[in-house]
Amino acid sequence: MSTNVFAKTVRGFTSALERTLVSEITAHESGLLQSLDPRVKLVGLLALVVAAALSRKLAVTAALFALGVVLALASRIALWSLAKRVWVVVFAFTFMIAAPALFLTPGQVLYSLPFGGLTLTSQGLRSTVLLIARVETAVTLSTLLVLTTPWMHLLKALRTLMVPVEIIALLAMTHRYAVLLMETANSMFESRQSRLVGRLNGHEHRHLMVNTGGVLLSKTLDLGNQVFLSMQARGFRGEVYLLNDFRLRGWDYVAMSGFAVAATAAVLAGR
Amino acid sequence: MHIPDGYLSPSSCAVMYAASAPCWWQALRRTRRKLFGRTLPLLSLFAAFSFVIMMFNLPLPGGTTGHAVGVAVAAIVLGPWASMLAISLALAIQALFFGDGGITTLGANCFNMAIAGSFAAWGIYQLVSLGAAPDSRRRIVAAALAGYGAVNLSALLAAIEFGVQPMLFRDVTGAPLYAPYPLSIAIPAMMAGHLTIAGAAEAVMSAGLFSFLRSNEPALVGITSMPVQAASPTPRRLWGALGVVLLLTPLGILAGGTAWGEWAPQDFSDAAARARIAAASGQSAPPVAAPSGLARLASLWTAPLPDYAPHFVKSAAFGYLLSAMFGVGMILAVTWILRRAMQYANQRSRQ
């Protein structure tokens with residue numbers, strides 16, 4: 001078990017770091033969504049996510065999903081990477097949760113299983129398919145936002161949603177140090193794994209994991225002091241300023257109108 | 001427990017954002033003053049730490065693994081208000097950047113894990129550790145229970161949010177539009193995993209991290225002095241107890257017989273003493289004379305107060321008491337000399 005859990009944890013860190021890197025790369029590609037003002041993109045894609053959440057019709061949800069696919073293609077995001085990162089994972093997770101609803105939801109019987117007395121109902125099927133489609137669509141659209149917007153731009157764009165400037169500063173620092181701590185934790189696990197001979201039992205493994213967590217926390221606190229001193233040295237006196245250099249262009253107004261029309265149409269058609 | 005987009009209706013999401021907003025506002029108001037100092041990096045680093053600790057796979061009894069949220073440690077170290085901000089930040093990063101938990105459901109996720117979780121963890125820790133000594137094991141149990149309680153409360157809230165969806169949102173055919181299970185299914189399904197696996201993971205990680213912090217960063221977990229120093233405000237009691245014990249020392253006279261193995265060489269030739277030795281040794285007769293080695297070595301040192309009875313004191317009881325006071329005084333004097341010597345050595349080494 002020990003090697004598997006180690007490997008699983010290290011894989012998790014590697015995958016998260018890889019995602020961070022991929023997002024930064026795709027955010028700087030020259031595509032449709034990348035060319036938009038981050039504020040327009042944030043508000044527009046969020047409006048589409050809300051429209052997907054409001055939709056009660058499968059056709060409307062499917063249309064929003066198709067719009068997401070078109071936007072991904074126009075933004076030079078490989079569909080296989082979207083499928084690997086979002087579609088397969090979301091489908092597996094949501095299906096696992098929603099599958100029992102196929103049989104547990106009361107309603108018109110479509111098919112009776114020959115064992116267990118279970119019956120597949122029309123309402124159960126509809127509910128499950130709609131839930132999976134809605135989750136796939138919402139996650140696809142929100143992933144497009146992350147994949148096509150540099151993190152710092154996305155944070156600055158949150159000001160348009162009246163998020164306090166302190167929260168934006170905290171989010172920026174959190175993201176930056178989350179990546180750093182992931183790298184640190186990854187190194188700690190790899191170095192421990194390279195010195196591991198034999199197999200650890202469950203208790204030893206828990207002890208090791210908790211100790212690693214404790215050491216990481218200690219490193220985090222040390223880092224906190226260092227960061228504070230650096231901030232002081234650079235003149236931080238408790239006030240946070242953000243450079244706001246976004247400027248709307250003609251194309252952004254067109255995109256804004258497009259998002260507004262699509263979201264409104266989806267809300268009206270999906271009722 | 002991270003509810004993705006699409007599981008809750010937009011109106012439920014709006015309600016949960018509305019429920020979270022005043023808590024965030026209050027938390028920000030309370031911590032804003034502190035953000036001028038070390039709290040700003042500490043908050044974001046704790047959020048980053050919480051984010052990373054959620055990725056730790058913790059092996060649990062039974063061969064399964066679980067993840068911790070770190071909410072209990074954050075609540076104990078930062079307090080409930082700053083903790084709710086830190087955990088909310090971690091959840092926001094997860095939702096915005098890694099797609100773990102939805103954007104529309106961020107309000108619900110923050111309410112369940114960051115807000116309710118922080119308050120539950122903080123409250124449980126304060127309650128269970130009330131009056132516990134800084135080095136008490138009860139504090140570790142309190143941290144474990146805080147983590148366990150917080151994660152299960154969060155799961156229960158998420159289950160209720162799931163469970164009300166089919167009651168409120170169905171289409172014309174009666175098909176649930178969002179999370180499809182009623183409360184009677186959602187609550188047991190959600191709690192089964194959290195009362196066992198996730199709760200255990202949180203409890204183990206909370207107890208371990210608390211224990212680590214208590215040893216290495218005691219001030220962070222509200223322990224302002226080391227355990228030994230914390231016990232020092234009670235020297236008066238110790239002196240009192242020592243005085244009582246001193247006064248009770250003459251009770252030793254009441255004990256009959258001789259302590260086994262504490263015989264003097266002359267006892268072997270004294271008939272009464274031989275009888276006592278034989279009685280204390282399972283009726284096995286002692287040698288007729290003191291063993292030669294014993295006789296030789298017994299005369300090496302003559303105690304100034306033999307048998308706790310100074311020759312100048314008539315009363316045996318007072319002799320015992322005087323001997324006890326003399327012994328305690330000697331120990332205190334030696335301890336004081338050693339302490340001064342160590343202090344002197346420390347000062348020299350610093351110079």
# chains A, B, ... in the order shown; residues from 1 in each chain; ligands from 1

call {"tool": "interface_residues", "arguments": {"of": "chain B", "to": "chain A", "cutoff": "7 Å", "atoms": "only C-alpha atoms", "output": "ChimeraX atom specification"}}
result
/B:5-6,9-10,35-38,41-42,44-45,47-49,51-53,55-61,89,93,96-97,99,173-178,180-181,205,208-209,212

call {"tool": "select_by_dssp", "arguments": {"residues": "segment 1-142 of chain A", "states": "strand (DSSP E)", "output": "ChimeraX atom specification"}}
result
/A:109-112,119-121

call {"tool": "closest_atom_pairs", "arguments": {"of": "segment 36-109 of chain A", "to": "segment 256-260 of chain A", "cutoff": "9 Å", "atoms": "only C-alpha atoms", "output": "CSV"}}
result
residue,atom,partner,partner_atom,distance
A:Val40,CA,A:Met256,CA,6.0
A:Lys41,CA,A:Met256,CA,8.0
A:Val43,CA,A:Met256,CA,8.5
A:Gly44,CA,A:Phe259,CA,5.1
A:Leu45,CA,A:Phe259,CA,7.3
A:Ala47,CA,A:Phe259,CA,7.5
A:Leu48,CA,A:Phe259,CA,7.3

call {"tool": "atom_distance", "arguments": {"atom1": "atom CA of Phe46 of chain B", "atom2": "atom CA of Ser83 of chain B"}}
result
8.5 Å

call {"tool": "closest_residue", "arguments": {"among": "B:Ser118, B:Thr39, B:Thr105, B:Gln26", "to": "Cys13 of chain B", "atoms": "only C-alpha atoms"}}
result
B:Thr105

call {"tool": "closest_residue", "arguments": {"among": "B:Phe162, B:Phe312, B:Trp24, B:Tyr148", "to": "Pro4 of chain B", "atoms": "only C-alpha atoms"}}
result
B:Phe162

call {"tool": "atom_distance", "arguments": {"atom1": "atom CA of Tyr253 of chain A", "atom2": "atom CA of Leu36 of chain A"}}
result
9.5 Å

call {"tool": "select_by_dssp", "arguments": {"residues": "segment 118-179 of chain A", "states": "alpha helix (DSSP H)", "output": "PyMOL selection string"}}
result
chain A and resi 122-147+151-157+165-179

call {"tool": "atom_distance", "arguments": {"atom1": "atom CA of Leu33 of chain A", "atom2": "atom CA of His153 of chain A"}}
result
13.1 Å

call {"tool": "residues_around", "arguments": {"residues": "Val15 of chain B", "least_positions_apart": "4", "cutoff": "12 Å", "atoms": "only C-alpha atoms", "output": "NGL selection string"}}
result
:B and (8-11 or 19-22 or 104-108 or 111 or 161)

call {"tool": "write_last_selection", "arguments": {"atoms": "N, CA and C atoms", "output": "short mmCIF file (atom, residue, chain, number, x, y, z; two decimals), in the first residue's frame"}}
result
data_model
loop_
_atom_site.label_atom_id
_atom_site.label_comp_id
_atom_site.auth_asym_id
_atom_site.auth_seq_id
_atom_site.Cartn_x
_atom_site.Cartn_y
_atom_site.Cartn_z
N LEU B 8 -26.81 21.95 -7.84
CA LEU B 8 -27.76 22.76 -7.09
C LEU B 8 -28.42 23.75 -8.04
N SER B 9 -29.68 24.07 -7.77
CA SER B 9 -30.38 25.02 -8.63
C SER B 9 -29.77 26.40 -8.45
N PRO B 10 -29.87 27.26 -9.47
CA PRO B 10 -29.32 28.62 -9.33
C PRO B 10 -29.90 29.36 -8.13
N SER B 11 -31.18 29.12 -7.82
CA SER B 11 -31.74 29.83 -6.66
C SER B 11 -31.12 29.31 -5.36
N ALA B 19 -26.14 33.61 2.10
CA ALA B 19 -25.86 33.19 3.48
C ALA B 19 -24.37 33.38 3.80
N SER B 20 -23.52 33.17 2.80
CA SER B 20 -22.08 33.28 3.04
C SER B 20 -21.61 34.73 3.07
N ALA B 21 -22.26 35.58 2.27
CA ALA B 21 -21.77 36.96 2.10
C ALA B 21 -21.60 37.70 3.43
N PRO B 22 -22.62 37.71 4.33
CA PRO B 22 -22.41 38.45 5.58
C PRO B 22 -21.27 37.88 6.42
N THR B 104 -20.65 28.38 -9.54
CA THR B 104 -21.97 28.78 -9.05
C THR B 104 -22.22 28.20 -7.64
N THR B 105 -21.57 27.09 -7.34
CA THR B 105 -21.78 26.47 -6.02
C THR B 105 -20.70 26.85 -5.00
N LEU B 106 -19.86 27.83 -5.39
CA LEU B 106 -18.78 28.22 -4.47
C LEU B 106 -19.33 28.75 -3.14
N GLY B 107 -20.44 29.48 -3.22
CA GLY B 107 -21.06 30.00 -1.99
C GLY B 107 -21.45 28.86 -1.06
N ALA B 108 -22.06 27.82 -1.63
CA ALA B 108 -22.48 26.66 -0.82
C ALA B 108 -21.27 25.93 -0.25
N PHE B 111 -19.80 27.96 2.46
CA PHE B 111 -20.65 27.95 3.66
C PHE B 111 -20.46 26.64 4.43
N GLU B 161 -28.42 20.24 1.42
CA GLU B 161 -28.55 21.04 0.19
C GLU B 161 -28.90 20.14 -1.01
#
